Structures are given as structure tokens and as C-alpha cells.
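The structure appears below as C-alpha cells.
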Amino acid sequence: MTYVLLILFTITFFYLAIANRLDSIINLLVFQGILLFGMAFIELRELHVVNLVFILLETIVFKTIAIPVFLRYVIRKNNLTRESEPFLSNFVSLIIITLMIVIVTFIISNAIHDTHVKNIFFVVALSTLFTGLYLIVSRRMIITHVMGFLVIENGVFILTLAVGNEMPALVNIGILLDIFVTALLLGIFVNKIGDVLKDMDVNKLRNLKD
Amino acid sequence: MIEAYLIAAFAMSGVLFFSRKKAVIYTLVILFLIGQCSLTVYEYQHLNLEEAGYFKADAFSVIFLSVLSLISLASAYHSYVFHTKRNGLVRNVAIYFSAWVMFIVAMSGVYLSSHIGLTWVFIELTTLCASALIYHNRNERSIEGTWKYIFVCSVSITLAFIGILFLSVAIQEAGSTDLYYGALLSHAPKLNPFWLKLAFIFIFTGYTCKAGLVPMFTAGVDAKDKAPSPASALFSSALMNVGFTGIFRFYEIIAQTTILPWANVIMLVAAVLSIFVAAVYMLKVNNAKRMLAYSSIEHMGIVLLGIVSGGIGAFGAILHLILHSFAKVSLFFQIGQVYRVYGSKSILDIGNYFKYNTTGAFVLILSFICVTGMPPSGMFISEFMIFRGVFQSHHVLILILVISLITMIIWAFGKNMFKMVFTAPADFDDRQVEKISAVESLSQFFFLALLVYLGLNPPAQLVSLIEEAIKNLPHEVWKRS
């Protein structure tokens with residue numbers, strides 16, 4: 001069952017690669033949140049109840065409800081255009097994402113031959129990381145950078161699931177990171193940039209250089 | 001002690017955030033400084049004592065905790081001067097000091113923590129506090145600097161966390177779930193090299209954003225440029241030591257394993273590239289603060305070179321890090337005064353500084369001599385040790401490359417510095433120049449004197465502390481086979 005969820009999760013990357021509307025990226029983030037909830041629910045049953053509830057709350061309340069609502073609020077408040085304005089065409093993006101996933105799969109499955117870790121978790125987590133990074137470098141708007149960062153966070157979450165049963169402390173630290181950083185990144189900053197700069201475009205952030 | 005310190009400091013930071021009276025703010029800051037200094041003395045007297053389960057002060061932590069405490073005293077004074085001259089909103093002053101206190105607490109936490117996860121949490125915390133400090137001026141430029149800093153640091157710190165997860169996979173295979181440095185050191189030879197290599201790459205890349213090394217150095221430069229000078233001084237000294245702490249603690253573990261030569265190659269490449277990048281930017285930079293930031297990148301590269309070569313190089317590296325902190329701090333404090341005189345950080349607008357602030361100009365020249373490692377600067381000694389280490393490890397070609405790059409850096413640095421001090425500025429109206437009291441330069445002279453003293457005649461305690469700090473590194477120099 002977890003594998004099905006993981007594969008569904010991987011499929012969202014292809015959609016992310018060609019999603020040009022901000023709305024559809026947010027919907028994908030919601031979908032990823034639900035998938036993460038499912039995975040955590042299945043994988044982490046042996047954990048202590050308090051820990052488990054904490055993690056489930058994080059995935060469902062934080063990742064699936066709070067952040068998307070907040071992102072929509074930011075978009076509406078700052079009158080952002082609906083397009084995420086990628087630098088590359090959809091076709092090229094799709095090819096790049098596919099190549100990335102294939103290469104990661106190839107390297108990981110060749111390198112790891114032990115029973116402790118589930119290879120598929122590592123493959124999906126690393127692919128998520130690279131997809132997030134790709135999303136950051138290939139889009140022009142600041143808000144898509146934040147979304148790329150959220151995708152990276154999801155990758156970290158999957159990685160914690162792979163080692164989570166043995167080390168609940170680490171899982172909690174990871175969640176701490178999520179809440180802290182995303183709250184700061186989103187909450188204070190995107191709004192401030194919107195107030196001062198009006199137009200949230202990375203090209204506006206080019207004053208500091210040598 | 002550490003529990004009391006943490007609780008008190010968190011409480012102080014909270015109160016500072018909401019206080020709107022200047023008297024209250026400064027009293028709390030003085031109280032905090034007293035606490036910080038007593039913590040430092042206490043930890044020095046209780047070396048290797050485990051506290052609160054997650055903290056242990058070893059020689060390495062005590063060295064850098066003392067450096068941090070000394071610097072924070074001066075930084076508090078200069079922040080006070082900065083806010084008095086600026087006369088901004090009390091609210092902003094309160095937020096500044098609240099973040100400042102948290103920042104110092106987080107950095108102390110990084111030095112003292114004995115658990116790799118806790119180190120990471122504190123480093124994350126430094127990002128948050130630092131961004132509040134960078135954002136202090138609340139204009140377009142500072143927003144840009146803060147945004148870039150938060151974003152690059154968050155991504156890097158996430159990478160470091162992924163590295164820690166890989167490390168935890170490795171340690172689980174070795175039959176343990178302990179992520180304390182002590183346990184990791186003892187289990188190190190049994191760890192799976194593949195996971196360890198992955199962990200090293202991610203953790204090293206992640207922490208370079210704080211240490212100011214290639215590849216993630218960019219964020220730090222903008223931060224040092226946009227933050228108020230007393231905060232920039234902390235960024236380019238204590239915060240870089242924090243990043244280095246993260247790398248060094250993990251390198252100690254790597255040093256016990258078979259992948260050490262591999263890791264050394266990676267660090268060597270990062271070190272040489274850092275010096276190269278610093279040289280390139282130093283030649284074209286036009287902003288005094290950014291110039292100092294690039295010079296910090298160069299010195300971190302030199303330090304990394306020393307650590308990689310091992311033996312005497314490692315000793316020199318730690319010494320260099322201490323001395324560099326003092327030199328860079330005095331430069332940044334002085335640049336704060338320069339900015340008050342000229343109202344600009346551009347080197348073209350600054351000139352004839354001798355005429356407007358004689359004491360300050362002396363500080364600039366002396367700290368230039370110190371930071372470029374000319375005798376009698378203590379950094380001459382530490383750099384000499386590092387180069388000897390590199391030479392002994394048979395990296396002669398790299399040594400030649402690095403020394404020629406450093407020569408270019410010294411030339412560019414000197415050209416800009418002497419321009420600022422001696423040559424007349426372009427269109428500068430000097431009728432309303434602020435007179436700067438010589439008292440404000442006292443702390444800089446103190447740091448420079450300390451730098452010369454510690455370099456030329458290091459006290460026996462310091463030498464034994466440094467030797468203790470590098471005891472887990474290989475004692476012989478590393479020779480590439």
C-alpha cells in the first residue's frame with residue numbers, strides 16, 4: 001500500500017514539471033500532503049501515540065490545510081498573476097524531471113544492497129529533493145520559490161519516514177524544521193516583500209551584487 | 001548552569017521583544033552579558049562535564065565560546081552607539097536586541113551541544129535570529145538581503161538535515177541509535193562508507209552557508225552587507241565559526257574512517273575554490289563591507305586548507321580562526337564609523353579618512369596589516385603554520401596557486417584600504433562631518449593587541465586547549481597516495 005502511495009507521489013512530479021498555474025501547484029501540494037498522511041499512518045504505527053498524533057497533525061493540518069490556505073491568501077492579497085512563468089518550455093521540463101528520476105533510481109538501486117532501508121523511499125525522497133530544486137531554479141516568481149522549498153520539505157519528510165521507526169527524535173526534529181522555517185518564510189516574508197516591492201518577481205531582487 | 005543560562009536568556013529575549021523603554025532594554029542586555037561571561041568562565045572550569053544530557057563543553061567549545069563572549073561585549077557597546085546615533089524607533093531597537101540575544105544564545109548552543117541533531121537545531125535558530133538583524137533597516141535592499149539569506153540558508157540547512165538522516169541510517173546499521181558525537185566517534189570505524197559519503201556531502205554543503213565557503217557562500221555576503229555593522233561583525237566572526245563547528249565535528253568522525261582521503265579531496269577543492277572566488281570578487285568589489293565579507297571567505301578557505309593538511313596545519317587552522325575573528329570584528333566596527341562619516345559604503349565615496357577620524361584611520365591601517373597576515377600580526381604565525389602543513393603534505397602546486405591568489409587579494413585589499421585612508425574622495429562635502437570620539441576605537445585596539453599577543457606569544461593554556469581540540473584529527477599530515 002505504501003508503495004502505491006509512493007508511486008502516486010512520484011507521478012505528481014511530472015505534473016509539477018508542467019504545472020504553469022499557481023493554483024495547480026497548490027493543489028498538487030495539497031495532494032502530496034494527503035499522500036504523506038497516508039504513508040505516515042501506515043508506516044509509523046509502532047510509534048508512541050503522542051508522536052504519531054503529532055506527525056499526523058503535521059501532515060494533515062499543516063501541510064494539507066494551513067499552508068495551501070495561506071498561499072492562496074498571499075496570492076489574492078498581492079494580486080499575483082496566475083501564471084508561474086517558467087523559464088523553460090513544458091516539454092523540456094518534463095524531460096529534465098524524467099531524466100532526474102531515472103538517474104536517481106539507477107544510482108540508488110545500484111548502490112544500496114542492504115535490508116535496513118527501503119530503496120524506494122530513498123529514490124522517491126531524492127527525486128522530490130531534485131524536483132523541488134528544479135522548481136526553484138526554473139520559475140521566475142518568488143512564491144514559486146517558496147513552493148519549491150515546500151516540495152523539498154516533503155522530500156525530507158519521506159526520508160524521515162524511511163528511518164523514522166527507529167528514531168522518533170529525528171522525526172520530531174524534522175517536523176520542528178518544517179513548522180519553524182515555513183512559518184517564517186511564508187508568514188512574515190512573502191507578505192513583507194509584497195508590501196514593499198508590489199511585484200513579486202525575482203528580477204526585482206537584483207540590487208545586491210558586485 | 002547551561003539550563004539556567006538557556007532559560008534566563010530565552011526569557012530575556014522575550015521580555016526584550018516587548019519592552020518599549022530604553023533603560024529596560026540596556027539593563028537586560030548588560031544582565032545578559034554578565035550571564036554570558038559567567039557561562040564562559042564556568043564552562044572553562046568544568047571542561048568535559050556533561051550537562052542537561054545534551055551539552056558538553058570540550059576544549060573546542062570553550063575556545064570559541066570565549067571568542068564569542070569577548071566579541072559580544074564589544075558588539076553590545078557598538079550596537080548601543082549605533083542605536084543612539086540613529087535614534088530610530090524604540091520598537092526596532094527592542095527587536096534588534098531581542099534577536100541579538102537569541103543569536104548569541106544560539107551560537108553558544110552550537111559550540112556546547114554534544115548531539116549532532118541539537119547542533120543542527122541551534123544552527124537553524126541562528127538563521128532566524130540573523131534574519132531579524134539583517135532586516136533591521138527595513139528598506140528595499142535589506143528585504144532583498146534578508147530574503148536571499150533566509151532562502152539560501154533554509155535550503156542549505158535542509159540539506160544538512162538530509163545528511164544527518166543518512167548518517168542515522170549508517171549508525172543504525174552499526175547497531176546503535178545514538179547520535180551523540182562521543183558515540184559516533186566510537187562507532188565511526190564500523191559505519192558503512194557509502195552512507196557516510198552521502199552524509200558528508202550533504203552536511204558539508206549544508207553548513208557551508210554559515211561557514212562562508214564555496215558552494216553556499218553567497219547568502220552570507222549579502223547578510224554582512226545589509227546588517228548593521230555591530231551585527232555584521234558577529235556574522236563574519238562568530239557565525240562563521242559556528243558553521244565551521246558543524247563541519248569540524250563531523251570531520252572528526254570522518255577522520256576515524258577509511259573515507260578520510262576522499263573527504264579531504266572534497267574539502268581541498270572547496271577550500272581552493274573559496275580562495276579563488278574571494279580573489280575574483282576582491283578585485284572588482286566596490287563596497288567596503290562586501291570587500292570585508294569576501295576577505296572572510298578567503299580566510300575560511302585558508303582555515304579549511306589547514307584542517308585538511310592535518311598535523312601542524314590543523315593547529316594553525318584553529319589559531320587562525322580565533323585570530324581572524326578578532327581582526328574582522330575590529331574592521332567591521334570601524335567600517336560602521338566610516339559609514340557615519342561618509343554616509344556611504346562605496347569605496348569611491350570614501351577617502352582622506354585620516355583627516356576626519358585619525359584614530360579610526362589608525363585602526364583601519366593596523367587591522368589591514370593584521371588581517372592580511374603581515375608581521376607582527378598573529379595571523380602571520382597561523383598562516384605560516386597552515387602553509388607549512390600544506391607543504392609537508394606535498395601539495396606544493398596547490399600551495400603555489402593559493403599563495404598567488406592571496407597575493408592578488410592583498411593587493412586589492414590594500415589598494416582599496418589605502419584609497420579610503422589617504423586619497424581624497426570624489427565630491428564629498430565635509431562641512432557637516434560627524435566628529436567621532438576616539439573612545440569608540442578602544443575596543444578595536446584591544447582586539448588587535450590581543451591578536452598580536454595571542455599569535456606571537458600564545459599562553460600555555462591556549463596552546464593546550466587547541467591541542468586538546470584537535471586531538472581526534474590525524475596527527476600526521478595527509479599525503480595523497
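Each chain in the C-alpha cells gets a letter, A, B, ..., in the order shown, and its residues are numbered from 1; ligands are numbered from 1 in order too.
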Using only C-alpha atoms, tabulate the residues of chain A lying at most 7 Å from any atom of chain B, each with its closest atom pair and that distance in Å to one decimal, by chain and increasing residue number, as a tab-separated table.
```
residue	atom	partner	partner_atom	distance
A:Val156	CA	B:Ile162	CA	6.6
A:Thr160	CA	B:Leu165	CA	6.9
A:Val163	CA	B:Val169	CA	6.7
A:Met167	CA	B:Thr177	CA	7.0
A:Ile193	CA	B:Ile143	CA	6.9
A:Val196	CA	B:Glu140	CA	6.6
A:Leu205	CA	B:Glu144	CA	5.7
A:Asn207	CA	B:Arg141	CA	7.0
A:Leu208	CA	B:Asp222	CA	6.7
A:Asp210	CA	B:Val285	CA	5.6
```
Long-range neighbours of stretch 344-350 of chain B as a compact mmCIF listing (two decimals) with C-alpha atoms, in the first residue's frame, 10 Å cut-off, only C-alpha atoms, 4 positions minimum in chain:
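Output file result_33.txt is given in full below:
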```txt
# COMPACT_ATOMS: atom_id res chain seq x y z
CA ASP B 225 26.49 43.96 3.72
CA VAL B 285 34.28 44.84 -5.43
CA ASN B 286 33.28 48.42 -4.78
CA ASN B 287 31.56 48.20 -1.43
CA ALA B 288 33.72 48.29 1.68
CA LYS B 289 31.57 45.91 3.69
CA ARG B 290 31.27 43.39 0.89
CA MET B 291 35.03 43.56 0.47
CA ILE B 335 33.52 50.43 8.89
CA GLY B 336 30.44 51.33 10.93
CA VAL B 338 33.32 55.17 8.31
CA TYR B 339 29.71 54.87 7.21
CA ARG B 340 28.68 57.50 9.76
CA ASN B 416 41.05 49.88 -1.54
CA MET B 417 42.15 50.38 2.03
CA LYS B 419 42.42 54.72 -1.10
CA MET B 420 39.96 55.02 1.78
CA VAL B 421 42.57 56.34 4.17
CA PHE B 422 44.75 58.62 2.05
CA THR B 423 43.24 59.62 -1.30
CA ALA B 424 40.72 62.44 -1.48
CA PRO B 425 37.11 61.33 -2.02
CA ALA B 426 35.05 62.35 -5.04
CA ASP B 427 32.53 65.17 -4.43
CA PHE B 428 32.46 64.93 -0.67
```
- Message: Set the distance at 10 Å and use only C-alpha atoms: which residues neighbour stretch 45-59 of chain A once local chain neighbours fewer than 4 positions away are removed? I'd like the list as a PyMOL selection string.
- Response: chain A and resi 30+32-41+63-66+154+157+164-169+171-172+175-176+178-179
Output file for the residues above (N, CA and C atoms, as a compact mmCIF listing (two decimals), in the first residue's frame):
```txt
# COMPACT_ATOMS: atom_id res chain seq x y z
N VAL A 30 -1.43 20.10 -1.89
CA VAL A 30 -2.48 19.51 -1.05
C VAL A 30 -2.49 18.00 -1.24
N GLN A 32 -0.10 16.07 -2.30
CA GLN A 32 1.10 15.47 -1.68
C GLN A 32 0.93 15.36 -0.17
N GLY A 33 0.32 16.38 0.44
CA GLY A 33 0.07 16.34 1.88
C GLY A 33 -0.77 15.14 2.26
N ILE A 34 -1.84 14.89 1.47
CA ILE A 34 -2.72 13.74 1.77
C ILE A 34 -1.94 12.44 1.63
N LEU A 35 -1.14 12.34 0.57
CA LEU A 35 -0.35 11.12 0.37
C LEU A 35 0.61 10.91 1.54
N LEU A 36 1.26 12.01 1.99
CA LEU A 36 2.19 11.89 3.11
C LEU A 36 1.46 11.41 4.35
N PHE A 37 0.25 11.92 4.54
CA PHE A 37 -0.55 11.49 5.69
C PHE A 37 -0.76 9.98 5.64
N GLY A 38 -1.14 9.50 4.46
CA GLY A 38 -1.35 8.07 4.31
C GLY A 38 -0.10 7.27 4.62
N MET A 39 1.01 7.71 4.04
CA MET A 39 2.27 6.99 4.27
C MET A 39 2.63 6.97 5.74
N ALA A 40 2.54 8.14 6.40
CA ALA A 40 2.91 8.21 7.80
C ALA A 40 2.01 7.29 8.61
N PHE A 41 0.73 7.27 8.26
CA PHE A 41 -0.23 6.47 9.01
C PHE A 41 0.12 4.99 8.91
N LYS A 63 0.43 20.66 6.42
CA LYS A 63 0.79 20.56 5.00
C LYS A 63 -0.44 20.62 4.09
N THR A 64 -1.55 20.04 4.53
CA THR A 64 -2.68 19.92 3.61
C THR A 64 -3.66 21.09 3.71
N ILE A 65 -3.79 21.66 4.91
CA ILE A 65 -4.79 22.72 5.05
C ILE A 65 -4.16 24.09 5.22
N ALA A 66 -3.32 24.25 6.26
CA ALA A 66 -2.87 25.60 6.62
C ALA A 66 -2.05 26.25 5.53
N ASN A 154 8.76 18.19 1.73
CA ASN A 154 8.06 16.92 1.61
C ASN A 154 9.03 15.77 1.40
N PHE A 157 10.52 14.84 4.56
CA PHE A 157 9.56 14.07 5.36
C PHE A 157 9.58 12.59 4.97
N GLY A 164 12.33 6.55 10.33
CA GLY A 164 11.55 7.06 11.45
C GLY A 164 11.25 6.08 12.56
N ASN A 165 10.98 4.82 12.21
CA ASN A 165 10.57 3.88 13.26
C ASN A 165 11.61 3.71 14.34
N GLU A 166 12.88 3.75 13.92
CA GLU A 166 13.94 3.55 14.90
C GLU A 166 14.26 4.83 15.65
N MET A 167 14.02 5.96 15.01
CA MET A 167 14.49 7.21 15.61
C MET A 167 13.40 8.27 15.66
N PRO A 168 12.47 8.15 16.58
CA PRO A 168 11.39 9.14 16.63
C PRO A 168 11.90 10.56 16.90
N ALA A 169 13.02 10.67 17.63
CA ALA A 169 13.53 12.01 17.95
C ALA A 169 13.84 12.78 16.67
N VAL A 171 12.54 12.36 13.74
CA VAL A 171 11.30 12.75 13.05
C VAL A 171 10.78 14.04 13.64
N ASN A 172 10.82 14.12 14.98
CA ASN A 172 10.32 15.34 15.61
C ASN A 172 11.15 16.55 15.24
N ILE A 175 10.15 17.74 11.91
CA ILE A 175 8.88 18.45 11.91
C ILE A 175 9.05 19.86 12.46
N LEU A 176 9.93 19.95 13.46
CA LEU A 176 10.24 21.26 14.02
C LEU A 176 10.75 22.18 12.92
N ASP A 178 10.18 21.97 9.73
CA ASP A 178 9.06 22.31 8.87
C ASP A 178 8.31 23.50 9.39
N ILE A 179 7.86 23.37 10.64
CA ILE A 179 6.96 24.39 11.17
C ILE A 179 7.68 25.72 11.30
```
- Message: Please identify the helix (DSSP H, G or I) residues within stretch 72-117 of chain A (assignment by DSSP from backbone atoms) and present them as a list of chain:residue names.
- Response: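 Across stretch 72-117 of chain A, those assigned helix (DSSP H, G or I) are A:Arg72, A:Tyr73, A:Val74, A:Ile75, A:Arg76, A:Lys77, A:Asn90, A:Phe91, A:Val92, A:Ser93, A:Leu94, A:Ile95, A:Ile96, A:Ile97, A:Thr98, A:Leu99, A:Met100, A:Ile101, A:Val102, A:Ile103, A:Val104, A:Thr105, A:Phe106, A:Ile107, A:Ile108, A:Ser109, A:Asn110, A:Ala111.
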Would you put the residues from that selection into a file with N, CA and C atoms, as a PDB file, in the first residue's frame?
```
ATOM      1  N   ARG A  72      -2.833  30.708  -0.862  1.00  0.00           N
ATOM      2  CA  ARG A  72      -3.910  31.315  -1.646  1.00  0.00           C
ATOM      3  C   ARG A  72      -4.174  32.731  -1.169  1.00  0.00           C
ATOM      4  N   TYR A  73      -4.114  32.903   0.177  1.00  0.00           N
ATOM      5  CA  TYR A  73      -4.338  34.228   0.749  1.00  0.00           C
ATOM      6  C   TYR A  73      -3.278  35.211   0.245  1.00  0.00           C
ATOM      7  N   VAL A  74      -2.004  34.745   0.260  1.00  0.00           N
ATOM      8  CA  VAL A  74      -0.921  35.621  -0.201  1.00  0.00           C
ATOM      9  C   VAL A  74      -1.122  36.000  -1.657  1.00  0.00           C
ATOM     10  N   ILE A  75      -1.508  35.012  -2.462  1.00  0.00           N
ATOM     11  CA  ILE A  75      -1.691  35.276  -3.885  1.00  0.00           C
ATOM     12  C   ILE A  75      -2.803  36.302  -4.112  1.00  0.00           C
ATOM     13  N   ARG A  76      -3.908  36.113  -3.362  1.00  0.00           N
ATOM     14  CA  ARG A  76      -5.022  37.033  -3.551  1.00  0.00           C
ATOM     15  C   ARG A  76      -4.661  38.430  -3.061  1.00  0.00           C
ATOM     16  N   LYS A  77      -4.021  38.479  -1.887  1.00  0.00           N
ATOM     17  CA  LYS A  77      -3.732  39.776  -1.280  1.00  0.00           C
ATOM     18  C   LYS A  77      -2.794  40.603  -2.158  1.00  0.00           C
ATOM     19  N   ASN A  90       7.319  23.442 -21.345  1.00  0.00           N
ATOM     20  CA  ASN A  90       6.830  22.260 -20.636  1.00  0.00           C
ATOM     21  C   ASN A  90       7.547  20.999 -21.055  1.00  0.00           C
ATOM     22  N   PHE A  91       7.779  20.893 -22.348  1.00  0.00           N
ATOM     23  CA  PHE A  91       8.382  19.679 -22.875  1.00  0.00           C
ATOM     24  C   PHE A  91       9.765  19.464 -22.256  1.00  0.00           C
ATOM     25  N   VAL A  92      10.583  20.518 -22.277  1.00  0.00           N
ATOM     26  CA  VAL A  92      11.938  20.403 -21.716  1.00  0.00           C
ATOM     27  C   VAL A  92      11.873  20.067 -20.227  1.00  0.00           C
ATOM     28  N   SER A  93      10.963  20.746 -19.491  1.00  0.00           N
ATOM     29  CA  SER A  93      10.829  20.470 -18.057  1.00  0.00           C
ATOM     30  C   SER A  93      10.534  19.008 -17.810  1.00  0.00           C
ATOM     31  N   LEU A  94       9.599  18.503 -18.599  1.00  0.00           N
ATOM     32  CA  LEU A  94       9.178  17.112 -18.413  1.00  0.00           C
ATOM     33  C   LEU A  94      10.359  16.170 -18.631  1.00  0.00           C
ATOM     34  N   ILE A  95      11.114  16.436 -19.701  1.00  0.00           N
ATOM     35  CA  ILE A  95      12.279  15.595 -19.987  1.00  0.00           C
ATOM     36  C   ILE A  95      13.270  15.660 -18.825  1.00  0.00           C
ATOM     37  N   ILE A  96      13.518  16.873 -18.322  1.00  0.00           N
ATOM     38  CA  ILE A  96      14.517  17.022 -17.249  1.00  0.00           C
ATOM     39  C   ILE A  96      14.094  16.240 -16.010  1.00  0.00           C
ATOM     40  N   ILE A  97      12.798  16.409 -15.610  1.00  0.00           N
ATOM     41  CA  ILE A  97      12.313  15.723 -14.417  1.00  0.00           C
ATOM     42  C   ILE A  97      12.422  14.202 -14.600  1.00  0.00           C
ATOM     43  N   THR A  98      12.016  13.732 -15.770  1.00  0.00           N
ATOM     44  CA  THR A  98      12.061  12.292 -16.016  1.00  0.00           C
ATOM     45  C   THR A  98      13.495  11.783 -15.909  1.00  0.00           C
ATOM     46  N   LEU A  99      14.417  12.502 -16.564  1.00  0.00           N
ATOM     47  CA  LEU A  99      15.814  12.079 -16.512  1.00  0.00           C
ATOM     48  C   LEU A  99      16.312  12.031 -15.073  1.00  0.00           C
ATOM     49  N   MET A 100      15.909  13.049 -14.304  1.00  0.00           N
ATOM     50  CA  MET A 100      16.357  13.126 -12.919  1.00  0.00           C
ATOM     51  C   MET A 100      15.902  11.886 -12.151  1.00  0.00           C
ATOM     52  N   ILE A 101      14.622  11.548 -12.310  1.00  0.00           N
ATOM     53  CA  ILE A 101      14.089  10.402 -11.575  1.00  0.00           C
ATOM     54  C   ILE A 101      14.796   9.115 -12.012  1.00  0.00           C
ATOM     55  N   VAL A 102      14.985   8.989 -13.329  1.00  0.00           N
ATOM     56  CA  VAL A 102      15.624   7.763 -13.826  1.00  0.00           C
ATOM     57  C   VAL A 102      17.043   7.634 -13.278  1.00  0.00           C
ATOM     58  N   ILE A 103      17.791   8.749 -13.316  1.00  0.00           N
ATOM     59  CA  ILE A 103      19.183   8.685 -12.857  1.00  0.00           C
ATOM     60  C   ILE A 103      19.250   8.351 -11.372  1.00  0.00           C
ATOM     61  N   VAL A 104      18.387   9.017 -10.578  1.00  0.00           N
ATOM     62  CA  VAL A 104      18.387   8.751  -9.136  1.00  0.00           C
ATOM     63  C   VAL A 104      18.071   7.283  -8.872  1.00  0.00           C
ATOM     64  N   THR A 105      17.031   6.774  -9.556  1.00  0.00           N
ATOM     65  CA  THR A 105      16.657   5.376  -9.366  1.00  0.00           C
ATOM     66  C   THR A 105      17.826   4.462  -9.681  1.00  0.00           C
ATOM     67  N   PHE A 106      18.471   4.760 -10.797  1.00  0.00           N
ATOM     68  CA  PHE A 106      19.570   3.925 -11.262  1.00  0.00           C
ATOM     69  C   PHE A 106      20.701   3.903 -10.234  1.00  0.00           C
ATOM     70  N   ILE A 107      21.101   5.102  -9.784  1.00  0.00           N
ATOM     71  CA  ILE A 107      22.233   5.172  -8.851  1.00  0.00           C
ATOM     72  C   ILE A 107      21.892   4.486  -7.539  1.00  0.00           C
ATOM     73  N   ILE A 108      20.707   4.827  -6.997  1.00  0.00           N
ATOM     74  CA  ILE A 108      20.358   4.296  -5.680  1.00  0.00           C
ATOM     75  C   ILE A 108      20.241   2.774  -5.725  1.00  0.00           C
ATOM     76  N   SER A 109      19.545   2.266  -6.758  1.00  0.00           N
ATOM     77  CA  SER A 109      19.318   0.821  -6.729  1.00  0.00           C
ATOM     78  C   SER A 109      20.611   0.064  -7.023  1.00  0.00           C
ATOM     79  N   ASN A 110      21.585   0.734  -7.653  1.00  0.00           N
ATOM     80  CA  ASN A 110      22.870   0.068  -7.844  1.00  0.00           C
ATOM     81  C   ASN A 110      23.733   0.110  -6.603  1.00  0.00           C
ATOM     82  N   ALA A 111      23.555   1.169  -5.814  1.00  0.00           N
ATOM     83  CA  ALA A 111      24.498   1.381  -4.718  1.00  0.00           C
ATOM     84  C   ALA A 111      24.084   0.701  -3.419  1.00  0.00           C
TER      85      ALA A 111
END
```
- Message: Between atom CA of B:Gly14 and atom CA of B:Ser98, what is the distance in Å, rounded to a tenth?
- Response: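 Between atom CA of B:Gly14 and atom CA of B:Ser98 the gap works out to 6.9 Å.
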- Using atom CA of B:Ile307 and atom CA of B:Ile123 as the two end points, give the distance in Å to one decimal.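 Straight-line distance from atom CA of B:Ile307 to atom CA of B:Ile123 works out to 21.4 Å.
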- Pick out the closest residue to A:Phe70 from this set: A:Ile42, A:Ile26, A:Ala162, A:Ile173. Count only C-alpha atoms.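 Checking each of A:Ile42, A:Ile26, A:Ala162, A:Ile173 against A:Phe70, counting only C-alpha atoms, the winner is A:Ile26.
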- Item | Close residues, B:Val390 itself excluded, 9 Å, only C-alpha atoms, min 3 positions apart in chain, as a list in words | Leu305, Gly306, Val308, Ser309, Gly310, Gly313, Met385, Ile386, Phe387, Ser393, His394, His395, Val396, Ile398, Leu399, Val477 and Trp478 of chain B
- Query: Pick the closest to A:Gly155 from A:Asn20, A:Leu5, A:Phe121, A:Tyr15: which is it, counting only C-alpha atoms?
  - Reply: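 The closest residue to A:Gly155 is A:Phe121.
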- Query: What is the atom CA of B:Tyr181 to atom CA of B:Ser236 distance in Å?
  - Reply: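 Separating atom CA of B:Tyr181 from atom CA of B:Ser236 is a distance of 26.2 Å.
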- Task: Check the smallest atom-to-atom distance from each of B:Gln432, B:Ser61, B:Ser377, B:Thr205 to B:Asn457 using only C-alpha atoms, then report the winner.
- Result: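 Among the listed residues, B:Ser377 lies closest to B:Asn457.
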- Residue nearest B:Glu252 - candidates B:Phe55, B:Met300, B:Asn264, B:Ala460, atoms counted: only C-alpha atoms: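 The closest residue to B:Glu252 is B:Asn264.
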- Task: Would you mind telling me which residue in B:Tyr77, B:Ile312, B:Met374, B:Arg91 lies nearest to B:Glu467 when using only C-alpha atoms?
- Result: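 Among the listed residues, the smallest separation from B:Glu467 belongs to B:Ile312.
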